Amino acid sequence: MTPPVLEVAGLTVTFPGAGGPVPVVRGVDYAVAPGEVLGIVGESGSGKSVTALAVMGLLPPRATMTGSVRLHGEELAGAPERRLTAVRGRTISMVFQDPLSALTPVYRVGDQIAEAIRAHRRIGAKEAERRAVELLDLVGIPSPRQRALAFPHEFSGGMRQRVMIAMAVANDPDVIICDEPTTALDVTVQAQVLEVLRTAQRETGAAIVMITHDLGVVAGLADRVLVMYAGRVVEAGRVDDVYHRARMPYTRGLLGSVPRLDGGRARLAPIDGTPPSPGALPPGCPFEPRCPAALPECREAEPPLVAAGGPGQAAACVRAAEPVADPVADPAEAAEAAGADPGTAAGRADGRPERAVVLRVDGLVKHHPLVRGAVLRRRVGTVRAVDGVTFDVREGETLGLVGESGCGKTTTLMQILELAAPQRGTIAVLGRDTARLRAGDRTAIRRDLQVVFQDPLAALDPRMTVHDILAEPLRAHGRPPGPRVRELLGLVGLEAEHAGRYPREFSGGQRQRIGIARALALEPRLVVLDEPVSALDVSIQAGVVNLLAELKERLGLSYLFVAHDLAVVRHIADRVAVMHLGRIAEIGQVDRVYAAPAHPYTQALLSAVPLPDPARERARRRILLEGDLPNPASPPSGCRFRTRCPRFTALGPAERDRCVREEPEVRLLGGDQGAACHYAERVDVM
Amino acid sequence: MVTSAERPAGAAPSAADQDAGPPSRGRVVAGRFFASWQGRAGFALLALLFALAFAGPALSRWSYTDKDFLAFLSPPSADHWFGTLQTGADVYAVTLRGMRRSLVVGLLAALLSTALAAVVGAFAGYFLGWTDRALTWVTDLLLVLPAFLILAIMSPMFSGGQWPLFVAVLALFLWMVTSKIVRGITVSLKEREFVQAARFMGVSPARIIFRHIIPNMSSLLVVDATLNVSAAILTETSLSYFGFGIQPPDVSLGTLIADGSPTAVYAPWTFWFAAGLLVVIVLAVNLAGDALRDACDPESGRSR
Ligand code: SF4
Ligand code: SF4
């Protein structure tokens, strides 16, 4: 076996806290072989990012670190700063989550890369510049020679991340540490960036340490994986072993709680409770309070990481030796085995049930003026945020509105919530046209139309107690709050005793439950959910998704569910509408659209979502989109997707002409599925 | 006690909860206020001062209008607890009477001006447009008017028990700067998601202002009100010192200090009781204000 490039042993990191030192990392060991990809997964607060910073020697000065970090056998822990600077960027480099903060805004991108090269190598300026352009080309930046002269803010998020990767590989490092490199990016861009990372790794032969919370990303990229919880590694092993034969209940729980693109609508299995705070760990196994398999002895001592299961696999659990079932079995099979009938959805595939329409949006248009200049403000164009969107939501139905950032989904939602006359088109809520509402009617409609926001901490008044927050909609509509507040808390699984607390005393998942309870206070008919779970960790998210599904069944609600996460939508929605650049690309019944999307954009989107299943993920063929989203102020003529459309490239010149000249409208493809593409064709992309 | 023991076990807690009432903001803030020593001390001190101001005179056989022609400028004795003035008036009686006026004037003027600042600023910032322009114009106008001069000119109108008018005019000249700060904060608060959430829930604008916007700057307002109490009392004191504030026969701490200052050196009781009480009032208000600010702020330390 080749000696490892990077070896971390007994790493601990402690931050000073109000109540004494807080151990954030409590003994992490790992080794990375040359050319290997090691995934480190964990939820927020698990210590995974701090571990990376410690390895790079980038911890803030108030943190104390012990243990050893060896790079090619050389001890870096406690090494003088001069030595670390020499190593950083040369032998070991890092890609951060937020590339904008890692690039200097006032220097040209090409110069920054050249600078990074010249910091470690004695080469001429010309030579370094040439190399910078080469690197930009390697990471797939179009026309690299010109783009090298641009400033960081002129790049999109995805392009910036490519620049970061170019910089990271500039000196042929032996290890690249990536800390959530794609978390801030849209899925199609994430797929591109991951592909670039693969290329870069192939070119340089570097080992990669991939830190992420996304189990899908790790499944497709990593050879080995570490699972972190409460500052420790709780499970380690080859990807296939860990995903299919996890020995640690936490790993299994995590895998079970991820909503899956290829899953049916089976209930997710959330992990109860919340991760412990690093300052107040329970005695014994830190996962014990949440563990479904806990034994009395789990509370006595923290179980060490012991070899169990496959070769190189280890788990920190007293029950590690017990064989287990595969949590990542084909979810469709699992659903069948559990008695759920995947056919129920297919049964109503044709035609939707005839129910009252609670929300109808017809040809909605919202254009923002694009103004420049601070003193003399002049209009330089129009952003067509929403440009002719049509859909409806029926009673008891959930419509998932998905799309990447800038597609206009949030604008659409705000237009609906304002209950004002749109610029063009109509919005009818519960059969009432919003253009013809008087103030009184509007208040009456607001009772039946409620909203849940993405970030519950921002959406709940920090100065109000939970009781007042829940009583507010009731009071506003002239109803006595009385016992209803307790009822609502019970409905969302919180205790009535919590009514006297402030929102910030709750965890993220609980806060979102308060947000949901408030939305339900008036027994609305339509609830608009704006990314309600995207700010939550996976294990918590599952609980909230389940709650939403359950409430909908029980109370007969209709949801308009806006999200960028396609897997979550698959779990909760009956129908899905995919938006692209202010228009609907595809709309239809969830199972039909996910099984065989017809619009090339939907296909690309679905194929870009990583599956938390190593074998399937590796076997998948990705449809990668070229380039960036076009500028919404000047979308391409005809079909707005044509600049990136893989199908368009495959068409003959005569057929292409139609895409260029004529803007496609949503066309029904039989059953409840329609796509806005002249050459729509259903393709299975799973 | 017997009845509560006889109640079925299950019903007891819910009945107890009902008694406690819903844990709304007011209750929680009150609870937190009294949980801190500053809150308790400030409140106790203020309560004591009020009790003294209103019930205290009854303990002495002298009233503030009485003159004891047998004792001019006599030091504290069993007969005159705080001594007498040059006019033969009982210092205990007039000081309490003066404090009563000063307390009421100070607290009322402070509350009034802070409330005015909050309401005007919040409405201007929330509605913007014409509301904003009109309110800002009024604010600016009042800012440039010479307050002291106007109060001085108006002083004849305050005689004959017209002190409420004095309070109103005093408050009218204290609120403008705070109002401008409040307006600025409101403009940014308005964009916050919880305000939008309230709007989408169908909560009326006035309700949003009073239940979301203003409570979210309660720290600022409490601090402002605390400072205003001192400011109002001191303004009243200085006006009275020049003879423009509270008009005789009414007395305030200000008029007393003004009258007592010439004799303060050789007859300290004519001055120091009034001055001492003024300091105690300001101190008590500041203690209570600090505690209230912390109690309103869910992010401050003691959270449960
Ligand atoms: S040690 Fe016990 S509590 Fe911890 S994960 Fe294993 S079974 Fe669960
Ligand atoms: S209309 Fe043409 S360019 Fe547009 S999605 Fe279809 S094939 Fe692609």
# chains A, B, ... in the order shown; residues from 1 in each chain; ligands from 1
call {"tool": "closest_atom_pairs", "arguments": {"of": "chain A", "to": "ligand 1", "cutoff": "6 Å", "atoms": "only C-alpha atoms and all ligand atoms", "output": "JSON lines"}}
result
{"residue": "A:Met248", "atom": "CA", "partner": "ligand 1", "partner_atom_place_in_ligand_line": "5 (S)", "distance": 5.6}
{"residue": "A:Pro249", "atom": "CA", "partner": "ligand 1", "partner_atom_place_in_ligand_line": "5 (S)", "distance": 5.0}
{"residue": "A:Cys285", "atom": "CA", "partner": "ligand 1", "partner_atom_place_in_ligand_line": "4 (Fe)", "distance": 4.6}
{"residue": "A:Phe287", "atom": "CA", "partner": "ligand 1", "partner_atom_place_in_ligand_line": "4 (Fe)", "distance": 5.1}
{"residue": "A:Glu288", "atom": "CA", "partner": "ligand 1", "partner_atom_place_in_ligand_line": "3 (S)", "distance": 3.5}
{"residue": "A:Cys291", "atom": "CA", "partner": "ligand 1", "partner_atom_place_in_ligand_line": "8 (Fe)", "distance": 4.6}
{"residue": "A:Ala293", "atom": "CA", "partner": "ligand 1", "partner_atom_place_in_ligand_line": "7 (S)", "distance": 4.8}
{"residue": "A:Ala294", "atom": "CA", "partner": "ligand 1", "partner_atom_place_in_ligand_line": "3 (S)", "distance": 4.0}
{"residue": "A:Leu295", "atom": "CA", "partner": "ligand 1", "partner_atom_place_in_ligand_line": "2 (Fe)", "distance": 5.5}
{"residue": "A:Cys298", "atom": "CA", "partner": "ligand 1", "partner_atom_place_in_ligand_line": "2 (Fe)", "distance": 4.3}
{"residue": "A:Pro303", "atom": "CA", "partner": "ligand 1", "partner_atom_place_in_ligand_line": "1 (S)", "distance": 5.9}
{"residue": "A:Cys317", "atom": "CA", "partner": "ligand 1", "partner_atom_place_in_ligand_line": "6 (Fe)", "distance": 3.7}
{"residue": "A:Val318", "atom": "CA", "partner": "ligand 1", "partner_atom_place_in_ligand_line": "1 (S)", "distance": 4.4}
{"residue": "A:Arg319", "atom": "CA", "partner": "ligand 1", "partner_atom_place_in_ligand_line": "7 (S)", "distance": 5.4}
call {"tool": "closest_atom_pairs", "arguments": {"of": "chain A", "to": "ligand 2", "cutoff": "12 Å", "atoms": "only C-alpha atoms and all ligand atoms", "output": "JSON lines"}}
result
{"residue": "A:His580", "atom": "CA", "partner": "ligand 2", "partner_atom_place_in_ligand_line": "5 (S)", "distance": 10.5}
{"residue": "A:Arg583", "atom": "CA", "partner": "ligand 2", "partner_atom_place_in_ligand_line": "4 (Fe)", "distance": 11.9}
{"residue": "A:Ile584", "atom": "CA", "partner": "ligand 2", "partner_atom_place_in_ligand_line": "5 (S)", "distance": 11.4}
{"residue": "A:Ala585", "atom": "CA", "partner": "ligand 2", "partner_atom_place_in_ligand_line": "5 (S)", "distance": 8.1}
{"residue": "A:Glu586", "atom": "CA", "partner": "ligand 2", "partner_atom_place_in_ligand_line": "5 (S)", "distance": 10.1}
{"residue": "A:Pro597", "atom": "CA", "partner": "ligand 2", "partner_atom_place_in_ligand_line": "5 (S)", "distance": 11.9}
{"residue": "A:Ala598", "atom": "CA", "partner": "ligand 2", "partner_atom_place_in_ligand_line": "6 (Fe)", "distance": 9.2}
{"residue": "A:His599", "atom": "CA", "partner": "ligand 2", "partner_atom_place_in_ligand_line": "5 (S)", "distance": 6.0}
{"residue": "A:Pro600", "atom": "CA", "partner": "ligand 2", "partner_atom_place_in_ligand_line": "5 (S)", "distance": 5.5}
{"residue": "A:Tyr601", "atom": "CA", "partner": "ligand 2", "partner_atom_place_in_ligand_line": "5 (S)", "distance": 6.8}
{"residue": "A:Thr602", "atom": "CA", "partner": "ligand 2", "partner_atom_place_in_ligand_line": "5 (S)", "distance": 9.5}
{"residue": "A:Gln603", "atom": "CA", "partner": "ligand 2", "partner_atom_place_in_ligand_line": "5 (S)", "distance": 10.3}
{"residue": "A:Ala604", "atom": "CA", "partner": "ligand 2", "partner_atom_place_in_ligand_line": "5 (S)", "distance": 10.9}
{"residue": "A:Leu625", "atom": "CA", "partner": "ligand 2", "partner_atom_place_in_ligand_line": "8 (Fe)", "distance": 11.7}
{"residue": "A:Pro636", "atom": "CA", "partner": "ligand 2", "partner_atom_place_in_ligand_line": "3 (S)", "distance": 10.1}
{"residue": "A:Ser637", "atom": "CA", "partner": "ligand 2", "partner_atom_place_in_ligand_line": "3 (S)", "distance": 10.1}
{"residue": "A:Gly638", "atom": "CA", "partner": "ligand 2", "partner_atom_place_in_ligand_line": "4 (Fe)", "distance": 7.7}
{"residue": "A:Cys639", "atom": "CA", "partner": "ligand 2", "partner_atom_place_in_ligand_line": "4 (Fe)", "distance": 4.5}
{"residue": "A:Arg640", "atom": "CA", "partner": "ligand 2", "partner_atom_place_in_ligand_line": "4 (Fe)", "distance": 6.6}
{"residue": "A:Phe641", "atom": "CA", "partner": "ligand 2", "partner_atom_place_in_ligand_line": "4 (Fe)", "distance": 5.2}
{"residue": "A:Arg642", "atom": "CA", "partner": "ligand 2", "partner_atom_place_in_ligand_line": "3 (S)", "distance": 3.6}
{"residue": "A:Thr643", "atom": "CA", "partner": "ligand 2", "partner_atom_place_in_ligand_line": "3 (S)", "distance": 7.3}
{"residue": "A:Arg644", "atom": "CA", "partner": "ligand 2", "partner_atom_place_in_ligand_line": "3 (S)", "distance": 7.9}
{"residue": "A:Cys645", "atom": "CA", "partner": "ligand 2", "partner_atom_place_in_ligand_line": "8 (Fe)", "distance": 4.7}
{"residue": "A:Pro646", "atom": "CA", "partner": "ligand 2", "partner_atom_place_in_ligand_line": "8 (Fe)", "distance": 6.8}
{"residue": "A:Arg647", "atom": "CA", "partner": "ligand 2", "partner_atom_place_in_ligand_line": "7 (S)", "distance": 5.0}
{"residue": "A:Phe648", "atom": "CA", "partner": "ligand 2", "partner_atom_place_in_ligand_line": "8 (Fe)", "distance": 4.6}
{"residue": "A:Thr649", "atom": "CA", "partner": "ligand 2", "partner_atom_place_in_ligand_line": "8 (Fe)", "distance": 8.1}
{"residue": "A:Ala650", "atom": "CA", "partner": "ligand 2", "partner_atom_place_in_ligand_line": "7 (S)", "distance": 8.7}
{"residue": "A:Leu651", "atom": "CA", "partner": "ligand 2", "partner_atom_place_in_ligand_line": "7 (S)", "distance": 7.6}
{"residue": "A:Gly652", "atom": "CA", "partner": "ligand 2", "partner_atom_place_in_ligand_line": "7 (S)", "distance": 10.8}
{"residue": "A:Pro653", "atom": "CA", "partner": "ligand 2", "partner_atom_place_in_ligand_line": "2 (Fe)", "distance": 11.4}
{"residue": "A:Ala654", "atom": "CA", "partner": "ligand 2", "partner_atom_place_in_ligand_line": "2 (Fe)", "distance": 11.5}
{"residue": "A:Glu655", "atom": "CA", "partner": "ligand 2", "partner_atom_place_in_ligand_line": "2 (Fe)", "distance": 8.2}
{"residue": "A:Arg656", "atom": "CA", "partner": "ligand 2", "partner_atom_place_in_ligand_line": "2 (Fe)", "distance": 6.6}
{"residue": "A:Asp657", "atom": "CA", "partner": "ligand 2", "partner_atom_place_in_ligand_line": "2 (Fe)", "distance": 8.8}
{"residue": "A:Arg658", "atom": "CA", "partner": "ligand 2", "partner_atom_place_in_ligand_line": "2 (Fe)", "distance": 7.3}
{"residue": "A:Cys659", "atom": "CA", "partner": "ligand 2", "partner_atom_place_in_ligand_line": "2 (Fe)", "distance": 4.3}
{"residue": "A:Val660", "atom": "CA", "partner": "ligand 2", "partner_atom_place_in_ligand_line": "3 (S)", "distance": 7.3}
{"residue": "A:Arg661", "atom": "CA", "partner": "ligand 2", "partner_atom_place_in_ligand_line": "1 (S)", "distance": 9.8}
{"residue": "A:Glu662", "atom": "CA", "partner": "ligand 2", "partner_atom_place_in_ligand_line": "1 (S)", "distance": 8.2}
{"residue": "A:Glu663", "atom": "CA", "partner": "ligand 2", "partner_atom_place_in_ligand_line": "1 (S)", "distance": 7.3}
{"residue": "A:Pro664", "atom": "CA", "partner": "ligand 2", "partner_atom_place_in_ligand_line": "1 (S)", "distance": 5.9}
{"residue": "A:Glu665", "atom": "CA", "partner": "ligand 2", "partner_atom_place_in_ligand_line": "1 (S)", "distance": 9.1}
{"residue": "A:Val666", "atom": "CA", "partner": "ligand 2", "partner_atom_place_in_ligand_line": "1 (S)", "distance": 10.4}
{"residue": "A:Arg667", "atom": "CA", "partner": "ligand 2", "partner_atom_place_in_ligand_line": "1 (S)", "distance": 11.2}
{"residue": "A:Ala675", "atom": "CA", "partner": "ligand 2", "partner_atom_place_in_ligand_line": "6 (Fe)", "distance": 8.7}
{"residue": "A:Ala676", "atom": "CA", "partner": "ligand 2", "partner_atom_place_in_ligand_line": "1 (S)", "distance": 6.9}
{"residue": "A:Cys677", "atom": "CA", "partner": "ligand 2", "partner_atom_place_in_ligand_line": "6 (Fe)", "distance": 3.6}
{"residue": "A:His678", "atom": "CA", "partner": "ligand 2", "partner_atom_place_in_ligand_line": "1 (S)", "distance": 4.4}
{"residue": "A:Tyr679", "atom": "CA", "partner": "ligand 2", "partner_atom_place_in_ligand_line": "6 (Fe)", "distance": 5.1}
{"residue": "A:Ala680", "atom": "CA", "partner": "ligand 2", "partner_atom_place_in_ligand_line": "6 (Fe)", "distance": 6.1}
{"residue": "A:Glu681", "atom": "CA", "partner": "ligand 2", "partner_atom_place_in_ligand_line": "6 (Fe)", "distance": 9.1}
{"residue": "A:Arg682", "atom": "CA", "partner": "ligand 2", "partner_atom_place_in_ligand_line": "6 (Fe)", "distance": 11.9}
call {"tool": "select_by_dssp", "arguments": {"residues": "stretch 123-186 of chain A", "states": "alpha helix (DSSP H)", "output": "MDAnalysis selection string"}}
result
chainID A and resid 125:138 144:147 157:169
call {"tool": "interface_residues", "arguments": {"of": "chain A", "to": "chain B", "cutoff": "10 Å", "atoms": "only C-alpha atoms", "output": "PyMOL selection string"}}
result
chain A and resi 414+417-419+442-469+471-477+481-483+485-486+497-505+515+518-519+522
call {"tool": "residues_around", "arguments": {"residues": "B:Ala93", "least_positions_apart": "3", "cutoff": "6 Å", "atoms": "only C-alpha atoms", "output": "list in words"}}
result
Pro57, Ser63, Tyr64, Asp90 and Leu96 of chain B
call {"tool": "write_last_selection", "arguments": {"atoms": "all heavy atoms", "output": "compact mmCIF listing (two decimals), in the first residue's frame"}}
result
# COMPACT_ATOMS: atom_id res chain seq x y z
N PRO B 57 -47.68 63.65 52.69
CA PRO B 57 -48.16 64.88 53.31
C PRO B 57 -49.16 64.64 54.43
O PRO B 57 -49.22 65.41 55.39
CB PRO B 57 -48.80 65.62 52.15
CG PRO B 57 -48.10 65.11 50.95
CD PRO B 57 -47.78 63.68 51.25
N SER B 63 -49.48 71.62 56.02
CA SER B 63 -49.71 71.44 54.59
C SER B 63 -48.77 72.40 53.87
O SER B 63 -48.18 73.28 54.50
CB SER B 63 -51.16 71.73 54.23
OG SER B 63 -51.28 73.01 53.65
N TYR B 64 -48.66 72.24 52.55
CA TYR B 64 -47.63 73.01 51.87
C TYR B 64 -47.97 74.49 51.78
O TYR B 64 -47.12 75.31 51.47
CB TYR B 64 -47.34 72.43 50.48
CG TYR B 64 -48.37 72.74 49.41
CD1 TYR B 64 -48.11 73.71 48.45
CD2 TYR B 64 -49.56 72.04 49.39
CE1 TYR B 64 -49.05 73.98 47.48
CE2 TYR B 64 -50.49 72.31 48.41
CZ TYR B 64 -50.24 73.28 47.46
OH TYR B 64 -51.16 73.54 46.50
N ASP B 90 -43.22 74.70 55.78
CA ASP B 90 -42.62 73.44 56.22
C ASP B 90 -41.92 72.76 55.04
O ASP B 90 -42.56 72.46 54.02
CB ASP B 90 -43.72 72.53 56.78
CG ASP B 90 -43.15 71.24 57.31
OD1 ASP B 90 -42.32 71.29 58.22
OD2 ASP B 90 -43.54 70.19 56.78
N LEU B 96 -42.45 67.41 49.39
CA LEU B 96 -43.27 66.31 48.89
C LEU B 96 -44.24 66.82 47.82
O LEU B 96 -44.46 66.18 46.79
CB LEU B 96 -44.04 65.65 50.03
CG LEU B 96 -43.16 64.89 51.02
CD1 LEU B 96 -44.01 63.95 51.86
CD2 LEU B 96 -42.07 64.11 50.32
call {"tool": "atom_distance", "arguments": {"atom1": "atom CA of A:Thr410", "atom2": "atom CA of A:Val386"}}
result
9.5 Å
call {"tool": "residues_around", "arguments": {"residues": "stretch 112-124 of chain A", "least_positions_apart": "5", "cutoff": "6 Å", "atoms": "only C-alpha atoms", "output": "list in words"}}
result
Glu129, Ala132 and Met167 of chain A
call {"tool": "atom_distance", "arguments": {"atom1": "atom CA of A:Arg384", "atom2": "atom CA of A:Gly158"}}
result
22.0 Å
call {"tool": "residues_around", "arguments": {"residues": "B:Leu234", "least_positions_apart": "2", "cutoff": "10 Å", "atoms": "only C-alpha atoms", "output": "ChimeraX atom specification"}}
result
/B:102,106,228-232,236-240,253-254,278,282
call {"tool": "select_by_dssp", "arguments": {"residues": "stretch 401-558 of chain A", "states": "strand (DSSP E)", "output": "list of chain:residue names"}}
result
A:Leu401, A:Val402, A:Arg424, A:Gly425, A:Thr426, A:Ile427, A:Ala428, A:Val429, A:Arg432, A:Asp433, A:Leu449, A:Gln450, A:Val451, A:Val452, A:Leu526, A:Val527, A:Val528, A:Leu529, A:Asp530, A:Ser558
call {"tool": "write_last_selection", "arguments": {"atoms": "N, CA, C and O atoms", "output": "mmCIF file, in the first residue's frame"}}
result
data_model
loop_
_atom_site.group_PDB
_atom_site.id
_atom_site.type_symbol
_atom_site.label_atom_id
_atom_site.label_comp_id
_atom_site.auth_asym_id
_atom_site.auth_seq_id
_atom_site.Cartn_x
_atom_site.Cartn_y
_atom_site.Cartn_z
ATOM 1 N N LEU A 401 -43.476 23.993 -7.318
ATOM 2 C CA LEU A 401 -42.961 24.931 -8.316
ATOM 3 C C LEU A 401 -41.448 24.911 -8.159
ATOM 4 O O LEU A 401 -40.921 25.388 -7.160
ATOM 5 N N VAL A 402 -40.759 24.305 -9.107
ATOM 6 C CA VAL A 402 -39.318 24.170 -8.950
ATOM 7 C C VAL A 402 -38.570 24.926 -10.028
ATOM 8 O O VAL A 402 -39.115 25.224 -11.095
ATOM 9 N N ARG A 424 -49.663 41.933 -16.162
ATOM 10 C CA ARG A 424 -50.481 41.346 -17.206
ATOM 11 C C ARG A 424 -50.903 39.962 -16.740
ATOM 12 O O ARG A 424 -50.274 39.385 -15.861
ATOM 13 N N GLY A 425 -51.944 39.431 -17.321
ATOM 14 C CA GLY A 425 -52.424 38.124 -16.918
ATOM 15 C C GLY A 425 -53.349 38.243 -15.722
ATOM 16 O O GLY A 425 -53.634 39.353 -15.248
ATOM 17 N N THR A 426 -53.810 37.108 -15.224
ATOM 18 C CA THR A 426 -54.713 37.149 -14.078
ATOM 19 C C THR A 426 -54.270 36.164 -13.020
ATOM 20 O O THR A 426 -53.634 35.150 -13.313
ATOM 21 N N ILE A 427 -54.589 36.514 -11.790
ATOM 22 C CA ILE A 427 -54.404 35.587 -10.675
ATOM 23 C C ILE A 427 -55.767 35.469 -10.019
ATOM 24 O O ILE A 427 -56.379 36.484 -9.673
ATOM 25 N N ALA A 428 -56.257 34.261 -9.861
ATOM 26 C CA ALA A 428 -57.526 34.087 -9.177
ATOM 27 C C ALA A 428 -57.296 33.179 -7.986
ATOM 28 O O ALA A 428 -56.854 32.040 -8.128
ATOM 29 N N VAL A 429 -57.543 33.722 -6.788
ATOM 30 C CA VAL A 429 -57.387 32.934 -5.569
ATOM 31 C C VAL A 429 -58.777 32.561 -5.088
ATOM 32 O O VAL A 429 -59.622 33.442 -4.898
ATOM 33 N N ARG A 432 -61.569 34.164 -6.908
ATOM 34 C CA ARG A 432 -61.706 35.615 -6.968
ATOM 35 C C ARG A 432 -60.524 36.216 -7.704
ATOM 36 O O ARG A 432 -59.377 35.988 -7.322
ATOM 37 N N ASP A 433 -60.804 36.987 -8.727
ATOM 38 C CA ASP A 433 -59.757 37.652 -9.486
ATOM 39 C C ASP A 433 -59.130 38.745 -8.627
ATOM 40 O O ASP A 433 -59.825 39.633 -8.130
ATOM 41 N N LEU A 449 -55.658 32.052 2.591
ATOM 42 C CA LEU A 449 -54.388 31.922 1.887
ATOM 43 C C LEU A 449 -53.282 32.251 2.872
ATOM 44 O O LEU A 449 -53.161 33.386 3.311
ATOM 45 N N GLN A 450 -52.496 31.280 3.259
ATOM 46 C CA GLN A 450 -51.449 31.540 4.238
ATOM 47 C C GLN A 450 -50.097 31.155 3.679
ATOM 48 O O GLN A 450 -50.003 30.493 2.656
ATOM 49 N N VAL A 451 -49.060 31.601 4.377
ATOM 50 C CA VAL A 451 -47.723 31.403 3.815
ATOM 51 C C VAL A 451 -46.742 30.919 4.889
ATOM 52 O O VAL A 451 -46.858 31.259 6.056
ATOM 53 N N VAL A 452 -45.814 30.074 4.463
ATOM 54 C CA VAL A 452 -44.705 29.636 5.322
ATOM 55 C C VAL A 452 -43.421 30.025 4.603
ATOM 56 O O VAL A 452 -43.241 29.697 3.435
ATOM 57 N N LEU A 526 -55.562 27.246 1.221
ATOM 58 C CA LEU A 526 -54.372 27.180 0.383
ATOM 59 C C LEU A 526 -53.180 27.692 1.186
ATOM 60 O O LEU A 526 -53.245 28.775 1.764
ATOM 61 N N VAL A 527 -52.113 26.910 1.233
ATOM 62 C CA VAL A 527 -50.914 27.354 1.933
ATOM 63 C C VAL A 527 -49.779 27.447 0.920
ATOM 64 O O VAL A 527 -49.540 26.510 0.165
ATOM 65 N N VAL A 528 -49.137 28.597 0.895
ATOM 66 C CA VAL A 528 -48.004 28.790 0.012
ATOM 67 C C VAL A 528 -46.742 28.558 0.823
ATOM 68 O O VAL A 528 -46.548 29.175 1.865
ATOM 69 N N LEU A 529 -45.904 27.644 0.370
ATOM 70 C CA LEU A 529 -44.695 27.300 1.116
ATOM 71 C C LEU A 529 -43.495 27.714 0.291
ATOM 72 O O LEU A 529 -43.302 27.216 -0.819
ATOM 73 N N ASP A 530 -42.701 28.634 0.832
ATOM 74 C CA ASP A 530 -41.546 29.122 0.091
ATOM 75 C C ASP A 530 -40.292 28.444 0.629
ATOM 76 O O ASP A 530 -39.763 28.847 1.649
ATOM 77 N N SER A 558 -54.494 22.584 0.389
ATOM 78 C CA SER A 558 -53.813 22.619 -0.906
ATOM 79 C C SER A 558 -52.512 23.364 -0.686
ATOM 80 O O SER A 558 -52.480 24.344 0.034
#
call {"tool": "atom_distance", "arguments": {"atom1": "atom CA of A:Gly588", "atom2": "atom CA of A:Leu669"}}
result
9.6 Å
call {"tool": "residues_around", "arguments": {"residues": "stretch 109-116 of chain B", "least_positions_apart": "4", "cutoff": "6 Å", "atoms": "only C-alpha atoms", "output": "list in words"}}
result
Val105, Val120, Val167, Ala171, Leu174, Trp175, Ala225, Asn228 and Val229 of chain B
call {"tool": "residues_around", "arguments": {"residues": "A:Ser46", "least_positions_apart": "3", "cutoff": "6 Å", "atoms": "only C-alpha atoms", "output": "PyMOL selection string"}}
result
chain A and resi 42-43+228-231
call {"tool": "write_last_selection", "arguments": {"atoms": "N, CA, C and O atoms", "output": "CSV table (one decimal), in the first residue's frame"}}
result
chain,number,residue,atom,x,y,z
A,42,GLY,N,-21.7,15.1,7.2
A,42,GLY,CA,-22.2,15.4,8.6
A,42,GLY,C,-23.1,16.6,8.5
A,42,GLY,O,-23.1,17.3,7.5
A,43,GLU,N,-23.9,16.7,9.5
A,43,GLU,CA,-24.8,17.8,9.5
A,43,GLU,C,-24.2,19.1,10.1
A,43,GLU,O,-23.0,19.0,10.5
A,228,MET,N,-19.5,12.1,10.2
A,228,MET,CA,-19.1,12.8,11.5
A,228,MET,C,-20.4,13.2,12.3
A,228,MET,O,-21.4,13.5,11.7
A,229,TYR,N,-20.3,13.1,13.6
A,229,TYR,CA,-21.4,13.5,14.4
A,229,TYR,C,-20.9,14.0,15.7
A,229,TYR,O,-20.0,13.3,16.3
A,230,ALA,N,-21.3,15.1,16.2
A,230,ALA,CA,-20.9,15.7,17.4
A,230,ALA,C,-19.4,15.7,17.6
A,230,ALA,O,-18.8,15.4,18.6
A,231,GLY,N,-18.7,16.1,16.5
A,231,GLY,CA,-17.2,16.3,16.6
A,231,GLY,C,-16.4,15.1,16.5
A,231,GLY,O,-15.2,15.1,16.7
